[in-house]
Structures are given as structure tokens and as C-alpha cells.
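Asker: Take a look at the following structure, please.
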Amino acid sequence: MLTLCRHLFDELNRQGLRYCHWKSNVRLTEATEGKTDLDLLVHDDDADAFVEVLRHFDIKQVLSPYEKRFDGIDDYLGFDDRTGTLIHLHVHYRLILGQRYLKNHHLPVEQVYFDHLTMNDGVSVPCPELELVVLIIRAHMKIDGVSLLKHAIKGLSDHRYTAFPADIEQEFDQLIGRIDEAKLRVVFDRLALPLQLDLFLDFITRFAARRLLWRDLLRFQQQLFLGLRDYKRSQKMRIYLVYMSRIFRYSRIGRPFVRTEKKRLIDEGRIVALVGADGSGKSTLAAELHRWLGWKLQVRSLYLGIPKKRWVEALSFLIRGTIKIGLSPIAHFFEDLLWLLVARCRFAVWRRSIVERSRRGVVLFDRFPLRSFFDMPEPMDGPRLGTRSISSAFSTWAARHERSDYEHLTPPDLVVVLRASVDCLRTRKTDIDMERH
């Protein structure tokens, strides 16, 4: 268990707050190691105290994409100092369930959870009987027509297949092996849901014996949705149009046309710039940071070095060519044009970062034109035209506009300067001469 998780749960237990890791406890160890999400159900009356505990451990609230936001569910990210691992908390104040991409049912059984708790390695969890009943409901709600069809076809050819994912089957096997039927009946009565206990007992028997037919699943699902029709959060038909649009959005057909969004920061975005000499590891670190933060957060990586564009190659070729044949004035023109266009390009990239920050995302810059370097003989990623003699009216105009573009760039929220020895730089960047390093 991560140190952060151990301290968090110890503090929740010490204060006697009513919470539990309410589902997927077969993978609780993985969750407390930061490998999967932590799904916590918190009592309404303890919500404020719970949030204070999260603040104490610097666990920050984040915002899910619009289509994944639901009333009564908040998201948080925490950072484990010892390992650098992020943890993701789904904090539920109400039990919101439903089909994939649509959670349209609220089961008002939260108090039953808090009345049937046990401890697992210092974490409060529901008894296996309660977890199994709710898992059966959740799993049947998420079955779609394609999975049922596959189940039917595979059944005809004597291939074992169920419409449930492998991880759900694993949960069923683990929980069925731990339940006491007498306690299951007591817990089911306490839930007071308009469903028949025999329906659940029949499912458990058939699943354990691996005799589950597609017809059994369809019948269970139909009775489930019929029995829970009064527990819908919205009775409007519009909710199903939203459901269909989300199915398309996440399908293989729709995915290429829709930008996939991750979680964003609550207050405002952040811009982080990595600066350092060539070979200090900016690009490597930017990729690592993107992978680490991009596990859950909306992250965009941008490059502010010389653009890797064909027009840069073309102008560089023209500069070299005109110098070779002795046409220095034309070479100066092409050089002025090159650095002016580089400034324009960098300014456009910077504006994209400002838009992304306004949308509460995280931006990682590989390189950044820091004003501290503008007056260097050869500024690192800064204005070049003002550092040499002006050769024409166009050079004067270009230098003024280049400088203006760079001066409009506001500093990042955080600048990370990478220090590296010359020997390290020489090892990593062999194509740069010693004087430049």
C-alpha cells in the first residue's frame, strides 16, 4: 500500500468518518498501490470532514469531462511523495449506477452499506453479501446487445462465453465463494429494492455451475430495469438520445472524429516549461511528465524550439545557397524572414497554450523563450534579429515585429531548469560543436 493511502485511511478511521471502498474490492490491493481507481462511498453527514482530510494530504479535486460528470460523484488526484505515484479517487456520496456511458439510476441504499461494514487491511469495505448483490445489479445494467449476441452464438458452438468482462467474472467467483446465504437474505431484505431474491439466487447458482445462458441474462436484465424504473434519475426520452450519442462517440467509428478528453484542474490550468542546453534532457523529461500526468489529466505537450517545418528547411537552404554565390544582401533577407516566421510560429504555439490553460488543462513546453536570455549574443529560443547589425529597412521592420512577438509571451506558471555538465551534454548531443555547448 502506498504511504499516502495508508496515512489517508488511518486518518479517516481515527476520526471515525463513515466511508467505505464500496466496489471491486477483489482489486483493493492494486487500488491502494495506485494501479487502479479508489471508489469510496462517503456518508453525506461526514462529507465536509472527509474533504478536509483530503485537503490535509494535499489531494486535489479534478473535473471529469462533461459526459462523465454525475451528481453525487467527485474526482480527486493525490500524489505519493515516496514513489511519485498518482492516486485517483472516485468519491461517491450517492450510489449512482447504470449502463455504460449512462448512469441513470440512483439506489438509495447508502445507509445499508454503512450498517454492514468490515475492515480489509485498514480499509473499510462492505460485507461480501452486500457487494455481491450490488455487483449483480451493476453487471446486468452494463450488458449490451452485442455482448448478448456473442453469448448466444458462442453458446451454440459449445464455446464458453459470458457477456461479462473477465474482471467482473473474477469478482463474481471471489464473492460467491465468500458469502453466507443466510446473511445474503438478511442483507437483501435490508436493501428493500423492488426485486425478487429468487432471481439473484438463481443467477448465483447458474453462474457458479457455469450454466448461464444468454436467455437468463436477458430475462434478468428485463426484470431488473422494470423493477428499478422508479429509481431513474431522469424519466425523459432525451437521456437515451444522449446515451446513443455517447455510444457513437466511444465506438471505433466515432472515435476518430471526436477529441478524447481527460480530467481537468478545478480552478485554472498550468503551463510548465522545461529549459536547458541542447542535450540536457528536455524532450525526454517532457515525454515522461506527459505519460505520468496524462494517466488521468488533460495534458498537452508543445515544442518551442525552431519549428520542424519544411519552410524552415527551405529558407535555410536558400540562406546557405545565396551566401555561397556571394549574394549576401539576399541571404540577409532570407535570414530576416526566417527568424520573423519562427517568432510568429512560436507566438501561435504560445497562444494555443493560453487557450488550453483557460480550459483548465496542463501544458508542457519543451523549451521556452525566457526574457532573461534575450540579450545574449545568440539568445536561446529568443529574438535573433536585434542581436546583429541592421542591414536594410526590411531588417529594421522585421526586428521590431520579431521583438514584439516575443515580448507578448507571458511567463509560464513554472519553469524547470535542467542542469547538466558539459561532459553529459557532449555525450548526448554529438552533432553540436564544443564552443556552442
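In the C-alpha cells, chains take the letters A, B, ... in the order shown, each chain's residues start at 1, and ligands count up from 1 in the order shown.
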Show which residues sit within 6 Å of Val299 of chain A, as a list in words. Count only C-alpha atoms, and ignore same-chain residues fewer than 5 positions away.

Answerer: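 Skipping anything fewer than 5 positions along the chain leaves Gly294, Val362 and Val363 of chain A.
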
Asker: Do you know which residues are at most 12 Å from Pro379 of chain A counting only C-alpha atoms, after dropping those on the same chain fewer than 6 positions away, and could you put them as a count of residues only?

Answerer: 16

Asker: Give me the residues near Arg18 of chain A as number ranges by chain, where near means some atom within 12 Å (using only C-alpha atoms) and where sequence neighbours in that chain fewer than 4 positions away do not count.

Answerer: A: 9, 11-14, 22, 40-50, 93, 110-118, 123-126

Asker: Could you pull the residues within 10 Å of Leu337 of chain A, counting only C-alpha atoms, minus those fewer than 3 positions along the same chain, as a PyMOL selection string?

Answerer: chain A and resi 315+331-334+340-343+385+394-395+398-399+402

Asker: Restrict the selected residues to N, CA, C and O atoms and save them as a PDB file, in the first residue's frame.

Answerer:
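Saved as selection.pdb:
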ATOM      1  N   LEU A 315      14.097  27.791 -46.315  1.00  0.00           N
ATOM      2  CA  LEU A 315      14.763  29.072 -46.097  1.00  0.00           C
ATOM      3  C   LEU A 315      16.230  28.875 -45.703  1.00  0.00           C
ATOM      4  O   LEU A 315      17.113  29.640 -46.131  1.00  0.00           O
ATOM      5  N   ALA A 331      20.793  36.876 -48.917  1.00  0.00           N
ATOM      6  CA  ALA A 331      20.894  35.935 -47.792  1.00  0.00           C
ATOM      7  C   ALA A 331      20.376  36.577 -46.510  1.00  0.00           C
ATOM      8  O   ALA A 331      19.672  35.936 -45.711  1.00  0.00           O
ATOM      9  N   HIS A 332      20.727  37.857 -46.287  1.00  0.00           N
ATOM     10  CA  HIS A 332      20.233  38.565 -45.096  1.00  0.00           C
ATOM     11  C   HIS A 332      18.711  38.681 -45.117  1.00  0.00           C
ATOM     12  O   HIS A 332      18.059  38.566 -44.076  1.00  0.00           O
ATOM     13  N   PHE A 333      18.156  38.911 -46.312  1.00  0.00           N
ATOM     14  CA  PHE A 333      16.699  39.000 -46.426  1.00  0.00           C
ATOM     15  C   PHE A 333      16.049  37.677 -46.006  1.00  0.00           C
ATOM     16  O   PHE A 333      15.083  37.653 -45.222  1.00  0.00           O
ATOM     17  N   PHE A 334      16.585  36.563 -46.554  1.00  0.00           N
ATOM     18  CA  PHE A 334      16.024  35.259 -46.211  1.00  0.00           C
ATOM     19  C   PHE A 334      16.204  34.956 -44.722  1.00  0.00           C
ATOM     20  O   PHE A 334      15.322  34.352 -44.082  1.00  0.00           O
ATOM     21  N   LEU A 340      11.785  35.960 -38.422  1.00  0.00           N
ATOM     22  CA  LEU A 340      10.475  36.572 -38.220  1.00  0.00           C
ATOM     23  C   LEU A 340       9.381  35.508 -38.224  1.00  0.00           C
ATOM     24  O   LEU A 340       8.480  35.517 -37.363  1.00  0.00           O
ATOM     25  N   LEU A 341       9.466  34.564 -39.167  1.00  0.00           N
ATOM     26  CA  LEU A 341       8.467  33.493 -39.232  1.00  0.00           C
ATOM     27  C   LEU A 341       8.587  32.547 -38.035  1.00  0.00           C
ATOM     28  O   LEU A 341       7.570  32.040 -37.535  1.00  0.00           O
ATOM     29  N   VAL A 342       9.805  32.312 -37.573  1.00  0.00           N
ATOM     30  CA  VAL A 342       9.986  31.494 -36.365  1.00  0.00           C
ATOM     31  C   VAL A 342       9.302  32.154 -35.169  1.00  0.00           C
ATOM     32  O   VAL A 342       8.615  31.501 -34.370  1.00  0.00           O
ATOM     33  N   ALA A 343       9.473  33.471 -35.048  1.00  0.00           N
ATOM     34  CA  ALA A 343       8.824  34.206 -33.952  1.00  0.00           C
ATOM     35  C   ALA A 343       7.308  34.111 -34.056  1.00  0.00           C
ATOM     36  O   ALA A 343       6.614  33.899 -33.057  1.00  0.00           O
ATOM     37  N   LEU A 385      17.073  38.837 -34.405  1.00  0.00           N
ATOM     38  CA  LEU A 385      17.360  39.930 -35.348  1.00  0.00           C
ATOM     39  C   LEU A 385      17.924  41.165 -34.664  1.00  0.00           C
ATOM     40  O   LEU A 385      18.664  41.923 -35.283  1.00  0.00           O
ATOM     41  N   PHE A 394      13.909  46.559 -44.342  1.00  0.00           N
ATOM     42  CA  PHE A 394      13.154  45.339 -44.016  1.00  0.00           C
ATOM     43  C   PHE A 394      13.688  44.701 -42.734  1.00  0.00           C
ATOM     44  O   PHE A 394      12.916  44.221 -41.893  1.00  0.00           O
ATOM     45  N   SER A 395      15.016  44.718 -42.560  1.00  0.00           N
ATOM     46  CA  SER A 395      15.605  44.160 -41.339  1.00  0.00           C
ATOM     47  C   SER A 395      15.119  44.917 -40.107  1.00  0.00           C
ATOM     48  O   SER A 395      14.819  44.311 -39.071  1.00  0.00           O
ATOM     49  N   ALA A 398      11.462  43.921 -39.586  1.00  0.00           N
ATOM     50  CA  ALA A 398      11.378  42.534 -39.122  1.00  0.00           C
ATOM     51  C   ALA A 398      11.844  42.413 -37.676  1.00  0.00           C
ATOM     52  O   ALA A 398      11.228  41.704 -36.862  1.00  0.00           O
ATOM     53  N   ALA A 399      12.943  43.103 -37.313  1.00  0.00           N
ATOM     54  CA  ALA A 399      13.463  43.031 -35.946  1.00  0.00           C
ATOM     55  C   ALA A 399      12.452  43.576 -34.947  1.00  0.00           C
ATOM     56  O   ALA A 399      12.277  43.028 -33.853  1.00  0.00           O
ATOM     57  N   GLU A 402       9.581  41.039 -34.695  1.00  0.00           N
ATOM     58  CA  GLU A 402      10.037  39.821 -34.018  1.00  0.00           C
ATOM     59  C   GLU A 402      10.090  40.067 -32.510  1.00  0.00           C
ATOM     60  O   GLU A 402       9.592  39.259 -31.714  1.00  0.00           O
TER      61      GLU A 402
END

Asker: Could you check the closest approach to Ile271 of chain A for each of A:Val62, A:Leu86, A:Ile143, A:Ile354 and tell me which residue wins, using only C-alpha atoms?

Answerer: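 For Ile271 of chain A, the nearest of the given residues is A:Ile354.
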
Asker: Counting only C-alpha atoms, what is within 12 Å of Asp433 of chain A, bar same-chain residues fewer than 5 positions away, as a PyMOL selection string?

Answerer: chain A and resi 278+422+425-427

Asker: Determine the nearest neighbour of Asp202 of chain A from the options A:Ile136, A:Val186, A:Leu148, A:Val53, counting only C-alpha atoms.

Answerer: A:Ile136
